Structures are given as C-alpha cells and as structure tokens.
>>> print(open('structure-v8.pdb').read())   # PDB, C-alpha atoms
ATOM      1  CA  MET F   1     102.772 107.431  63.383
ATOM      2  CA  LEU F   2     100.770 104.212  63.461
ATOM      3  CA  LYS F   3      97.459 106.051  63.780
ATOM      4  CA  ASP F   4      97.962 107.486  60.291
ATOM      5  CA  VAL F   5      98.255 104.138  58.514
ATOM      6  CA  SER F   6      95.535 101.798  57.340
ATOM      7  CA  TYR F   7      93.982  99.070  59.497
ATOM      8  CA  GLU F   8      95.657  96.512  57.256
ATOM      9  CA  LEU F   9      99.113  97.913  58.095
ATOM     10  CA  ARG F  10      98.252  98.077  61.797
ATOM     11  CA  ALA F  11      97.904  94.309  61.674
ATOM     12  CA  GLN F  12     101.336  93.795  60.127
ATOM     13  CA  LYS F  13     103.871  92.894  62.791
ATOM     14  CA  GLU F  14     106.914  94.473  61.168
ATOM     15  CA  VAL F  15     105.102  97.758  60.677
ATOM     16  CA  VAL F  16     103.889  97.807  64.267
ATOM     17  CA  LEU F  17     107.304  96.824  65.652
ATOM     18  CA  ASP F  18     108.951  99.704  63.822
ATOM     19  CA  ALA F  19     106.290 102.087  65.138
ATOM     20  CA  VAL F  20     106.395 101.108  68.809
ATOM     21  CA  LYS F  21     110.193 101.190  68.870
ATOM     22  CA  GLU F  22     109.861 104.903  68.161
ATOM     23  CA  ILE F  23     106.688 105.647  70.126
ATOM     24  CA  GLY F  24     105.641 103.031  72.645
ATOM     25  CA  PHE F  25     102.158 104.516  72.981
ATOM     26  CA  ASP F  26     101.496 103.639  69.355
ATOM     27  CA  LEU F  27     100.640 100.203  70.709
ATOM     28  CA  VAL F  28      97.130 101.559  71.211
ATOM     29  CA  TYR F  29      96.679 101.697  67.422
ATOM     30  CA  ALA F  30      97.906  98.165  66.785
ATOM     31  CA  SER F  31      95.466  95.364  66.019
ATOM     32  CA  PHE F  32      94.085  93.359  68.959
ATOM     33  CA  GLU F  33      96.162  90.408  67.830
ATOM     34  CA  LEU F  34      99.421  92.386  67.981
ATOM     35  CA  ARG F  35      98.543  93.945  71.332
ATOM     36  CA  ALA F  36      98.572  90.338  72.542
ATOM     37  CA  ASP F  37     101.938  89.662  70.883
ATOM     38  CA  LYS F  38     104.606  89.510  73.596
ATOM     39  CA  GLU F  39     107.453  90.610  71.328
ATOM     40  CA  VAL F  40     105.521  93.671  70.174
ATOM     41  CA  VAL F  41     104.452  94.618  73.700
ATOM     42  CA  LEU F  42     107.961  94.231  75.109
ATOM     43  CA  GLU F  43     109.267  96.581  72.419
ATOM     44  CA  ALA F  44     106.559  99.109  73.245
ATOM     45  CA  ILE F  45     107.119  99.126  77.014
ATOM     46  CA  GLN F  46     110.858  99.347  76.568
ATOM     47  CA  GLU F  47     110.256 102.719  74.912
ATOM     48  CA  ASN F  48     107.471 103.730  77.310
ATOM     49  CA  GLY F  49     106.447 101.566  80.250
ATOM     50  CA  ALA F  50     102.970 103.105  80.302
ATOM     51  CA  ALA F  51     102.253 101.328  77.011
ATOM     52  CA  LEU F  52     101.442  98.355  79.237
ATOM     53  CA  ARG F  53      98.025  99.953  79.546
ATOM     54  CA  TYR F  54      97.248  98.916  75.958
ATOM     55  CA  ALA F  55      98.585  95.383  76.141
ATOM     56  CA  SER F  56      96.165  92.481  76.182
ATOM     57  CA  GLU F  57      94.750  91.261  79.487
ATOM     58  CA  THR F  58      96.876  88.142  79.174
ATOM     59  CA  LEU F  59     100.118  90.116  78.875
ATOM     60  CA  ARG F  60      99.177  92.450  81.715
ATOM     61  CA  ALA F  61      99.140  89.269  83.805
ATOM     62  CA  ASP F  62     102.532  88.167  82.451
ATOM     63  CA  LYS F  63     105.139  88.706  85.169
ATOM     64  CA  GLU F  64     108.045  89.130  82.743
ATOM     65  CA  VAL F  65     106.172  91.796  80.796
ATOM     66  CA  VAL F  66     105.050  93.690  83.908
ATOM     67  CA  LEU F  67     108.518  93.630  85.490
ATOM     68  CA  ALA F  68     109.971  94.993  82.258
ATOM     69  CA  ALA F  69     107.427  97.805  82.248
ATOM     70  CA  LEU F  70     108.177  98.641  85.896
ATOM     71  CA  GLN F  71     111.834  99.137  85.037
ATOM     72  CA  GLU F  72     110.773 102.039  82.847
ATOM     73  CA  ASN F  73     107.888 103.408  84.922
ATOM     74  CA  ALA F  74     106.971 102.198  88.414
ATOM     75  CA  TYR F  75     103.477 103.657  88.239
ATOM     76  CA  VAL F  76     102.411 101.197  85.544
ATOM     77  CA  LEU F  77     101.786  98.806  88.414
ATOM     78  CA  GLN F  78      98.233 100.156  88.170
ATOM     79  CA  PHE F  79      97.832  98.432  84.778
ATOM     80  CA  ALA F  80      99.031  95.028  85.959
ATOM     81  CA  SER F  81      96.592  92.242  86.709
ATOM     82  CA  ASP F  82      95.111  91.923  90.195
ATOM     83  CA  GLU F  83      97.256  88.864  90.752
ATOM     84  CA  LEU F  84     100.505  90.702  90.001
ATOM     85  CA  ARG F  85      99.506  93.740  92.069
ATOM     86  CA  ALA F  86      99.326  91.268  94.961
ATOM     87  CA  ASP F  87     102.708  89.745  94.079
ATOM     88  CA  LYS F  88     105.222  90.907  96.687
ATOM     89  CA  GLU F  89     108.230  90.597  94.363
ATOM     90  CA  VAL F  90     106.540  92.737  91.720
ATOM     91  CA  VAL F  91     105.402  95.358  94.221
ATOM     92  CA  LEU F  92     108.846  95.623  95.821
ATOM     93  CA  VAL F  93     110.364  96.331  92.397
ATOM     94  CA  ALA F  94     107.843  99.134  91.896
ATOM     95  CA  VAL F  95     108.313 100.563  95.403
ATOM     96  CA  ARG F  96     112.104 100.630  95.107
ATOM     97  CA  ALA F  97     111.744 102.789  92.017
ATOM     98  CA  SER F  98     108.947 104.981  93.346
ATOM     99  CA  PRO F  99     107.490 104.586  96.862
ATOM    100  CA  HIS F 100     104.141 106.050  95.893
ATOM    101  CA  ALA F 101     103.569 103.274  93.366
ATOM    102  CA  LEU F 102     102.488 101.437  96.514
ATOM    103  CA  GLN F 103      99.056 103.009  96.123
ATOM    104  CA  TYR F 104      98.419 100.600  93.227
ATOM    105  CA  ALA F 105      99.428  97.481  95.123
ATOM    106  CA  SER F 106      96.884  95.082  96.523
ATOM    107  CA  PRO F 107      95.593  96.316  99.926
ATOM    108  CA  GLU F 108      96.856  93.122 101.527
ATOM    109  CA  LEU F 109     100.421  94.321 100.870
ATOM    110  CA  TRP F 110      99.713  97.585 102.670
ATOM    111  CA  ALA F 111      99.810  95.422 105.786
ATOM    112  CA  ASP F 112     103.152  93.826 104.865
ATOM    113  CA  LYS F 113     105.851  95.324 107.098
ATOM    114  CA  GLN F 114     108.710  94.666 104.665
ATOM    115  CA  VAL F 115     106.882  96.437 101.850
ATOM    116  CA  ILE F 116     105.929  99.437 103.988
ATOM    117  CA  LEU F 117     109.436  99.750 105.434
ATOM    118  CA  MET F 118     110.874  99.706 101.920
ATOM    119  CA  ALA F 119     108.523 102.503 100.857
ATOM    120  CA  ALA F 120     109.041 104.553 104.035
ATOM    121  CA  GLN F 121     112.827 104.387 103.696
ATOM    122  CA  HIS F 122     112.554 106.064 100.302
ATOM    123  CA  ASP F 123     109.754 108.484 101.191
ATOM    124  CA  GLY F 124     108.336 108.725 104.685
ATOM    125  CA  ASN F 125     105.004 109.995 103.395
ATOM    126  CA  ALA F 126     104.388 106.574 101.859
ATOM    127  CA  LEU F 127     103.199 105.756 105.387
ATOM    128  CA  THR F 128      99.839 107.043 104.177
ATOM    129  CA  TYR F 129      99.300 103.702 102.392
ATOM    130  CA  ALA F 130     100.132 101.550 105.409
ATOM    131  CA  SER F 131      97.519  99.579 107.285
ATOM    132  CA  ALA F 132      96.242 100.898 110.611
ATOM    133  CA  GLU F 133      98.339  98.274 112.373
ATOM    134  CA  LEU F 134     101.579  99.417 110.723
ATOM    135  CA  ARG F 135     100.773 103.090 111.268
ATOM    136  CA  ALA F 136     100.779 102.147 114.947
ATOM    137  CA  ASP F 137     104.095 100.281 114.657
ATOM    138  CA  LYS F 138     106.782 102.460 116.250
ATOM    139  CA  GLU F 139     109.638 100.973 114.212
ATOM    140  CA  VAL F 140     107.833 101.692 110.954
ATOM    141  CA  VAL F 141     106.774 105.194 111.970
ATOM    142  CA  LEU F 142     110.269 106.156 113.169
ATOM    143  CA  VAL F 143     111.702 105.133 109.804
ATOM    144  CA  ALA F 144     109.069 107.244 108.081
ATOM    145  CA  VAL F 145     109.461 110.409 110.173
ATOM    146  CA  ARG F 146     113.259 110.298 109.992
ATOM    147  CA  GLY F 147     112.943 110.706 106.248
ATOM    148  CA  LYS F 148     109.947 113.024 106.199
ATOM    149  CA  GLY F 149     108.741 114.686 109.366
ATOM    150  CA  THR F 150     105.337 115.221 107.782
ATOM    151  CA  ALA F 151     104.797 111.450 107.883
ATOM    152  CA  LEU F 152     103.743 112.022 111.506
ATOM    153  CA  ILE F 153     100.368 113.045 110.079
ATOM    154  CA  TYR F 154      99.717 109.419 109.108
ATOM    155  CA  ALA F 155     100.856 107.844 112.388
ATOM    156  CA  SER F 156      98.393 106.471 114.907
ATOM    157  CA  ASP F 157      97.118 108.757 117.673
ATOM    158  CA  GLU F 158      99.172 106.767 120.147
ATOM    159  CA  LEU F 159     102.404 107.494 118.293
ATOM    160  CA  LYS F 160     101.490 111.149 117.800
ATOM    161  CA  ALA F 161     101.673 111.244 121.602
ATOM    162  CA  ASP F 162     105.021 109.420 121.702
ATOM    163  CA  ARG F 163     107.739 111.929 122.599
ATOM    164  CA  GLU F 164     110.533 110.124 120.749
ATOM    165  CA  VAL F 165     108.494 109.879 117.561
ATOM    166  CA  VAL F 166     107.416 113.524 117.643
ATOM    167  CA  LEU F 167     110.902 114.854 118.435
ATOM    168  CA  THR F 168     112.294 112.800 115.548
ATOM    169  CA  ALA F 169     109.690 114.230 113.180
ATOM    170  CA  LEU F 170     110.417 117.781 114.344
ATOM    171  CA  GLN F 171     114.078 117.411 113.423
ATOM    172  CA  SER F 172     113.134 117.929 109.787
ATOM    173  CA  ASP F 173     109.946 119.982 109.957
ATOM    174  CA  GLY F 174     108.697 122.238 112.738
ATOM    175  CA  TRP F 175     105.232 122.431 111.209
ATOM    176  CA  VAL F 176     104.467 118.828 112.182
ATOM    177  CA  LEU F 177     103.885 120.092 115.707
ATOM    178  CA  GLU F 178     100.320 120.469 114.427
ATOM    179  CA  ALA F 179      99.994 116.672 114.277
ATOM    180  CA  ALA F 180     101.381 116.069 117.775
ATOM    181  CA  SER F 181      99.118 115.263 120.707
ATOM    182  CA  ASP F 182      97.806 118.075 122.910
ATOM    183  CA  ASN F 183     100.079 116.957 125.735
ATOM    184  CA  LEU F 184     103.182 117.333 123.561
ATOM    185  CA  LYS F 185     102.007 120.698 122.261
ATOM    186  CA  ALA F 186     102.205 121.745 125.906
ATOM    187  CA  ASP F 187     105.697 120.257 126.360
ATOM    188  CA  LYS F 188     108.178 123.134 126.414
ATOM    189  CA  ASN F 189     111.121 121.162 125.052
ATOM    190  CA  VAL F 190     109.031 119.835 122.177
ATOM    191  CA  VAL F 191     107.735 123.299 121.318
ATOM    192  CA  LEU F 192     111.210 124.831 121.530
ATOM    193  CA  LEU F 193     112.474 122.317 118.984
ATOM    194  CA  ALA F 194     109.559 123.161 116.688
ATOM    195  CA  ALA F 195     110.304 126.863 117.112
ATOM    196  CA  GLN F 196     113.928 126.268 116.117
ATOM    197  CA  LYS F 197     112.725 124.847 112.813
ATOM    198  CA  SER F 198     109.915 127.303 112.087
ATOM    199  CA  LYS F 199     108.678 130.354 113.942
ATOM    200  CA  GLU F 200     105.243 129.784 112.402
ATOM    201  CA  ALA F 201     105.013 126.398 114.137
ATOM    202  CA  LEU F 202     104.272 128.228 117.395
ATOM    203  CA  GLN F 203     100.662 128.652 116.321
ATOM    204  CA  PHE F 204     100.175 124.963 117.122
ATOM    205  CA  ALA F 205     101.623 125.143 120.637
ATOM    206  CA  SER F 206      99.458 125.314 123.746
ATOM    207  CA  ASN F 207      98.161 128.763 124.666
ATOM    208  CA  GLU F 208     100.479 128.871 127.661
ATOM    209  CA  LEU F 209     103.599 128.179 125.608
ATOM    210  CA  ILE F 210     102.715 130.535 122.773
ATOM    211  CA  SER F 211     103.288 133.403 125.196
ATOM    212  CA  ASP F 212     106.266 131.809 126.981
ATOM    213  CA  LYS F 213     109.236 134.210 126.834
ATOM    214  CA  ASP F 214     111.805 131.468 126.226
ATOM    215  CA  VAL F 215     109.778 130.056 123.339
ATOM    216  CA  GLN F 216     109.257 133.520 121.860
ATOM    217  CA  PHE F 217     112.955 134.338 122.161
ATOM    218  CA  CYS F 218     113.944 131.076 120.527
ATOM    219  CA  ALA F 219     111.578 131.650 117.617
ATOM    220  CA  GLN F 220     112.833 135.192 117.144
ATOM    221  CA  PHE F 221     116.418 134.014 117.413
ATOM    222  CA  VAL F 222     116.007 131.465 114.639
ATOM    223  CA  SER F 223     113.822 133.542 112.341
ATOM    224  CA  LYS F 224     116.201 136.517 112.348
ATOM    225  CA  GLY F 225     119.402 134.523 112.161
ATOM    226  CA  ILE F 226     122.378 134.566 114.511
ATOM    227  CA  PRO F 227     124.446 137.428 113.021
ATOM    228  CA  ASN F 228     121.521 139.874 113.001
ATOM    229  CA  ILE F 229     119.897 139.119 116.313
ATOM    230  CA  LEU F 230     123.198 139.286 118.185
ATOM    231  CA  LEU F 231     123.540 142.904 117.100
ATOM    232  CA  GLU F 232     120.158 143.790 118.596
ATOM    233  CA  TYR F 233     121.083 144.997 122.054
ATOM    234  CA  GLU F 234     117.653 144.794 123.678
ATOM    235  CA  VAL F 235     117.209 141.165 122.672
ATOM    236  CA  ALA F 236     120.567 139.524 123.106
ATOM    237  CA  HIS F 237     123.426 141.756 124.193
ATOM    238  CA  ALA F 238     122.940 141.316 127.918
ATOM    239  CA  LEU F 239     122.528 137.583 127.610
ATOM    240  CA  TRP F 240     125.709 137.103 125.635
ATOM    241  CA  ALA F 241     127.674 139.595 127.711
ATOM    242  CA  ASN F 242     126.848 137.625 130.847
ATOM    243  CA  ILE F 243     127.769 134.367 129.159
ATOM    244  CA  LEU F 244     131.141 135.768 128.123
ATOM    245  CA  ALA F 245     131.687 137.039 131.658
ATOM    246  CA  LYS F 246     130.781 133.568 132.967
ATOM    247  CA  GLN F 247     127.927 135.048 134.946
ATOM    248  CA  SER F 248     125.368 132.756 133.363
ATOM    249  CA  THR F 249     125.119 129.674 131.197
ATOM    250  CA  ILE F 250     123.706 129.525 127.718
ATOM    251  CA  PRO F 251     120.054 128.352 127.669
ATOM    252  CA  PHE F 252     119.738 124.837 126.305
ATOM    253  CA  TYR F 253     117.531 125.867 123.398
ATOM    254  CA  LEU F 254     120.260 128.221 122.096
ATOM    255  CA  TYR F 255     122.977 125.728 122.876
ATOM    256  CA  TYR F 256     121.155 123.027 120.922
ATOM    257  CA  TYR F 257     120.866 125.302 117.904
ATOM    258  CA  LEU F 258     124.355 126.781 118.065
ATOM    259  CA  THR F 259     126.268 123.566 118.608
ATOM    260  CA  SER F 260     124.965 122.286 115.301
ATOM    261  CA  LYS F 261     126.508 125.336 113.590
ATOM    262  CA  PRO F 262     130.070 125.798 114.939
ATOM    263  CA  GLU F 263     130.998 128.505 112.447
ATOM    264  CA  LEU F 264     128.083 130.608 113.626
ATOM    265  CA  VAL F 265     129.151 130.136 117.230
ATOM    266  CA  LYS F 266     132.543 131.624 116.397
ATOM    267  CA  ASP F 267     130.962 134.534 114.521
ATOM    268  CA  ALA F 268     128.491 135.076 117.348
ATOM    269  CA  PHE F 269     131.141 135.609 119.987
ATOM    270  CA  ILE F 270     133.125 137.913 117.708
ATOM    271  CA  ASP F 271     129.994 139.995 117.109
ATOM    272  CA  VAL F 272     129.262 140.193 120.850
ATOM    273  CA  ILE F 273     132.781 141.290 121.739
ATOM    274  CA  ASN F 274     132.724 143.986 119.061
ATOM    275  CA  GLN F 275     129.314 145.125 120.221
ATOM    276  CA  GLN F 276     130.478 145.341 123.857
ATOM    277  CA  GLU F 277     133.492 147.454 122.977
ATOM    278  CA  LYS F 278     131.315 149.794 120.954
ATOM    279  CA  SER F 279     128.712 150.016 123.730
ATOM    280  CA  CYS F 280     131.227 150.963 126.411
ATOM    281  CA  LYS F 281     132.456 153.910 124.376
ATOM    282  CA  THR F 282     129.197 155.266 123.036
ATOM    283  CA  CYS F 283     126.309 154.432 125.316
ATOM    284  CA  ASP F 284     126.255 154.981 129.086
ATOM    285  CA  ARG F 285     122.880 153.222 129.250
ATOM    286  CA  LYS F 286     124.551 149.952 128.330
ATOM    287  CA  ARG F 287     127.323 150.086 130.915
ATOM    288  CA  ASP F 288     125.341 148.233 133.536
ATOM    289  CA  VAL F 289     125.415 145.032 131.490
ATOM    290  CA  CYS F 290     128.705 145.431 129.681
ATOM    291  CA  THR F 291     131.448 143.478 131.453
ATOM    292  CA  SER F 292     134.403 144.787 129.473
ATOM    293  CA  THR F 293     134.864 147.969 131.549
TER
END
>>> encode(input="structure-v8.pdb", output="structure tokens")
Amino acid sequence: MLKDVSYELRAQKEVVLDAVKEIGFDLVYASFELRADKEVVLEAIQENGAALRYASETLRADKEVVLAALQENAYVLQFASDELRADKEVVLVAVRASPHALQYASPELWADKQVILMAAQHDGNALTYASAELRADKEVVLVAVRGKGTALIYASDELKADREVVLTALQSDGWVLEAASDNLKADKNVVLLAAQKSKEALQFASNELISDKDVQFCAQFVSKGIPNILLEYEVAHALWANILAKQSTIPFYLYYYLTSKPELVKDAFIDVINQQEKSCKTCDRKRDVCTST
C-alpha cells in the first residue's frame, strides 16, 4: 500500500499509478503534485470513484474527471466543484445512476422539473429534494407516488388533499393514508383502499370510519387472506352464499380486491360451495342462510 512507502516514492508517478490501479483510495497518500495529475486521478477513480475526494481542487472542477467518477459512484457528486454540482448534464448523469445523489446537486437544480422528474421516475422518494413549487406540481407528484406511495409525504398540502394523487399513492402503500388530508381520511372509498393494503392503516382514518363495519370487514378480509376468511362462517358464509344464489351483489371493496386476483376468486367460490354442502348436513343453525337445500 502507498501509505507504507517513503514520501520520496509517493512523489514518483509510476509508483503511485501502480498503487491507485489496485486501490483507488491510495490517492490520499500521493504527493500534492500527483493528486493534481489528471492521468493519476483518472486511474484512481476508475478503481474507486470516491477517490475524487482526494483529487486537487482543479481536477474536482474538471468535467471529464467528475463524469468519469460518477460512472463508478454517483454519490461522488458531493466532491465535485460548486460549478459542476450546478451543471445540469453532470447532475442528470448522477441522478440516472442514483436518484438520491440529487441531494448533492446545487439547490437551483432542485427546482428544475426535468431533473426532479428523472429522479422521481427512479425513486419517488427523491421528491424530498424538490423545490416547494415542484412538490406542488401534480404531474411531478403523480410520477413520484406511482413509484413510491410514501412520496406523498413530501407533496404539498394541496396535493395531499387531491383524491387522484392520494388514491395513486395508496395503490402501493396503505400506510400513506397518514399523509392524506383530513377530508380524505374521512372518505370511505379512500379508506377502504388503504385497508386493502394494510389493516394497520385504519388507525389514520377518521373516527367515524375506524368503526365502520364495511371498513372493518375489508381490513379483516385482507389481513386474514381469502382462503381462511371464507371458511369462517360468521364473517363470510352468508355473504358468499347470497352472492352465489344471486340474492345480492358483491360489495365493491371485495370486488376490487378479488378481480385483481382471479385465481383466488376461483378458489373462493369452490371453498364457499364446499362449506355450504357441509353446513347443510351438519348444522341446522346454518340452514337459514344456506341456499343449497
């Protein structure tokens, strides 16, 4: 390792080149002159992009050098000069590789819609770096929450009250109901969707909806799973028996969940039919809801 050799050898280019080809971080032990040598620095960052940290100030402002380092490690944007951290081309290269490298970009680029959209497409939570104006931009926020529902946390208050935005976020994470506006926490359809994703999300619903029987049933339905809950007579047998007998229609919140899982729909009806046949033979108490006799 370069740290074990004399200061005289640390100033010899061939010695340093051989060292940094093996361990890029050894650049830190090179002489100041060689840390300003472009050939040496390019060799170092090719092995480890973070070696850019030890390059001279001049080379940390060299676009070719910084772009080469970003190819190996997007987070080395933090070691680039202020000018290059404000260079849109450079920042886009970093963001494509790792959206959260955006945190090291110049704040003026946090207000650039193209840059934020690029980051949000790769990781919705990169919305946290966006300017207030872009966190209130519905197009940007929809892109973010489609990828990561939790990005709703970083949206403007106005968009946290936007039904389309919140429903989109809930598609991937029921817990983001916590970030929704109070009005949407009192919206039954919104809360039912959250309950389909996570029973625990109900704690964020309005007091009225927390005790709503449809919401409670939906949460129980999802948390226990279709095959198990359908075999629980008190919860579901009557409902499904009536549906099979065409005496009622399936509630939309179950329909929404089931239609996304066709194999479970098939298994559900088989389970109900088997349960009905068993009920008719063994339990007089169940005859009043069983339609197969």
>>> atom_distance(input="structure-v8.pdb", atom1="atom CA of Ala205 of chain F", atom2="atom CA of Val145 of chain F")
19.7 Å
>>> closest_residue(input="structure-v8.pdb", among="F:Ser131, F:Gln171, F:Lys185, F:Ala179", to="Lys197 of chain F", atoms="only C-alpha atoms")
F:Gln171
>>> atom_distance(input="structure-v8.pdb", atom1="atom CA of Leu152 of chain F", atom2="atom CA of Asp214 of chain F")
25.7 Å
>>> residues_around(input="structure-v8.pdb", residues="Val41 of chain F", least_positions_apart="6", cutoff="9 Å", atoms="all atoms listed in the file", output="ChimeraX atom specification")
/F:17,20,24,27,34-35,51-52,54-56,59,65
>>> atom_distance(input="structure-v8.pdb", atom1="atom CA of Trp175 of chain F", atom2="atom CA of Gln121 of chain F")
21.0 Å
>>> residues_around(input="structure-v8.pdb", residues="Ala19 of chain F", least_positions_apart="3", cutoff="12 Å", atoms="only C-alpha atoms", output="PDB file with C-alpha atoms, in the coordinates of the input")
ATOM      1  CA  MET F   1     102.772 107.431  63.383  1.00  0.00           C
ATOM      2  CA  LEU F   2     100.770 104.212  63.461  1.00  0.00           C
ATOM      3  CA  LYS F   3      97.459 106.051  63.780  1.00  0.00           C
ATOM      4  CA  ASP F   4      97.962 107.486  60.291  1.00  0.00           C
ATOM      5  CA  VAL F   5      98.255 104.138  58.514  1.00  0.00           C
ATOM      6  CA  LEU F   9      99.113  97.913  58.095  1.00  0.00           C
ATOM      7  CA  ARG F  10      98.252  98.077  61.797  1.00  0.00           C
ATOM      8  CA  ALA F  11      97.904  94.309  61.674  1.00  0.00           C
ATOM      9  CA  GLN F  12     101.336  93.795  60.127  1.00  0.00           C
ATOM     10  CA  LYS F  13     103.871  92.894  62.791  1.00  0.00           C
ATOM     11  CA  GLU F  14     106.914  94.473  61.168  1.00  0.00           C
ATOM     12  CA  VAL F  15     105.102  97.758  60.677  1.00  0.00           C
ATOM     13  CA  VAL F  16     103.889  97.807  64.267  1.00  0.00           C
ATOM     14  CA  GLU F  22     109.861 104.903  68.161  1.00  0.00           C
ATOM     15  CA  ILE F  23     106.688 105.647  70.126  1.00  0.00           C
ATOM     16  CA  GLY F  24     105.641 103.031  72.645  1.00  0.00           C
ATOM     17  CA  PHE F  25     102.158 104.516  72.981  1.00  0.00           C
ATOM     18  CA  ASP F  26     101.496 103.639  69.355  1.00  0.00           C
ATOM     19  CA  LEU F  27     100.640 100.203  70.709  1.00  0.00           C
ATOM     20  CA  VAL F  28      97.130 101.559  71.211  1.00  0.00           C
ATOM     21  CA  TYR F  29      96.679 101.697  67.422  1.00  0.00           C
ATOM     22  CA  ALA F  30      97.906  98.165  66.785  1.00  0.00           C
ATOM     23  CA  VAL F  40     105.521  93.671  70.174  1.00  0.00           C
ATOM     24  CA  VAL F  41     104.452  94.618  73.700  1.00  0.00           C
ATOM     25  CA  GLU F  43     109.267  96.581  72.419  1.00  0.00           C
ATOM     26  CA  ALA F  44     106.559  99.109  73.245  1.00  0.00           C
ATOM     27  CA  GLU F  47     110.256 102.719  74.912  1.00  0.00           C
TER      28      GLU F  47
END
>>> resolve_selection(input="structure-v8.pdb", expression="the PyMOL selection byres ((chain F and resi 80) around 12)", output="MDAnalysis selection string")
chainID F and resid 49:70 74:79 81:87 90:91 94 101 104:106
>>> residues_around(input="structure-v8.pdb", residues="Leu92 of chain F", least_positions_apart="2", cutoff="10 Å", atoms="all atoms listed in the file", output="ChimeraX atom specification")
/F:87-90,94-99,101-102,105,109,114-116,118-119
>>> residues_around(input="structure-v8.pdb", residues="Asp157 of chain F", least_positions_apart="2", cutoff="9 Å", atoms="only C-alpha atoms", output="list in words")
Ala136, Tyr154, Ala155, Leu159, Lys160, Ala161, Asp162, Ala180 and Ser181 of chain F
>>> resolve_selection(input="structure-v8.pdb", expression="the PyMOL selection byres ((chain F and resi 151) around 10)", output="mmCIF file with C-alpha atoms, in the frame of the given file")
data_model
loop_
_atom_site.group_PDB
_atom_site.id
_atom_site.type_symbol
_atom_site.label_atom_id
_atom_site.label_comp_id
_atom_site.auth_asym_id
_atom_site.auth_seq_id
_atom_site.Cartn_x
_atom_site.Cartn_y
_atom_site.Cartn_z
ATOM 1 C CA ALA F 120 109.041 104.553 104.035
ATOM 2 C CA ASP F 123 109.754 108.484 101.191
ATOM 3 C CA GLY F 124 108.336 108.725 104.685
ATOM 4 C CA ASN F 125 105.004 109.995 103.395
ATOM 5 C CA ALA F 126 104.388 106.574 101.859
ATOM 6 C CA LEU F 127 103.199 105.756 105.387
ATOM 7 C CA THR F 128 99.839 107.043 104.177
ATOM 8 C CA ARG F 135 100.773 103.090 111.268
ATOM 9 C CA VAL F 141 106.774 105.194 111.970
ATOM 10 C CA LEU F 142 110.269 106.156 113.169
ATOM 11 C CA VAL F 143 111.702 105.133 109.804
ATOM 12 C CA ALA F 144 109.069 107.244 108.081
ATOM 13 C CA VAL F 145 109.461 110.409 110.173
ATOM 14 C CA ARG F 146 113.259 110.298 109.992
ATOM 15 C CA GLY F 147 112.943 110.706 106.248
ATOM 16 C CA LYS F 148 109.947 113.024 106.199
ATOM 17 C CA GLY F 149 108.741 114.686 109.366
ATOM 18 C CA THR F 150 105.337 115.221 107.782
ATOM 19 C CA LEU F 152 103.743 112.022 111.506
ATOM 20 C CA ILE F 153 100.368 113.045 110.079
ATOM 21 C CA TYR F 154 99.717 109.419 109.108
ATOM 22 C CA ALA F 155 100.856 107.844 112.388
ATOM 23 C CA ALA F 169 109.690 114.230 113.180
ATOM 24 C CA VAL F 176 104.467 118.828 112.182
ATOM 25 C CA ALA F 179 99.994 116.672 114.277
#
>>> resolve_selection(input="structure-v8.pdb", expression="the PyMOL selection byres ((chain F and resi 190) around 12)", output="PyMOL selection string")
chain F and resi 161-171+174-178+180-189+191-197+201-202+204-206+209+215+253
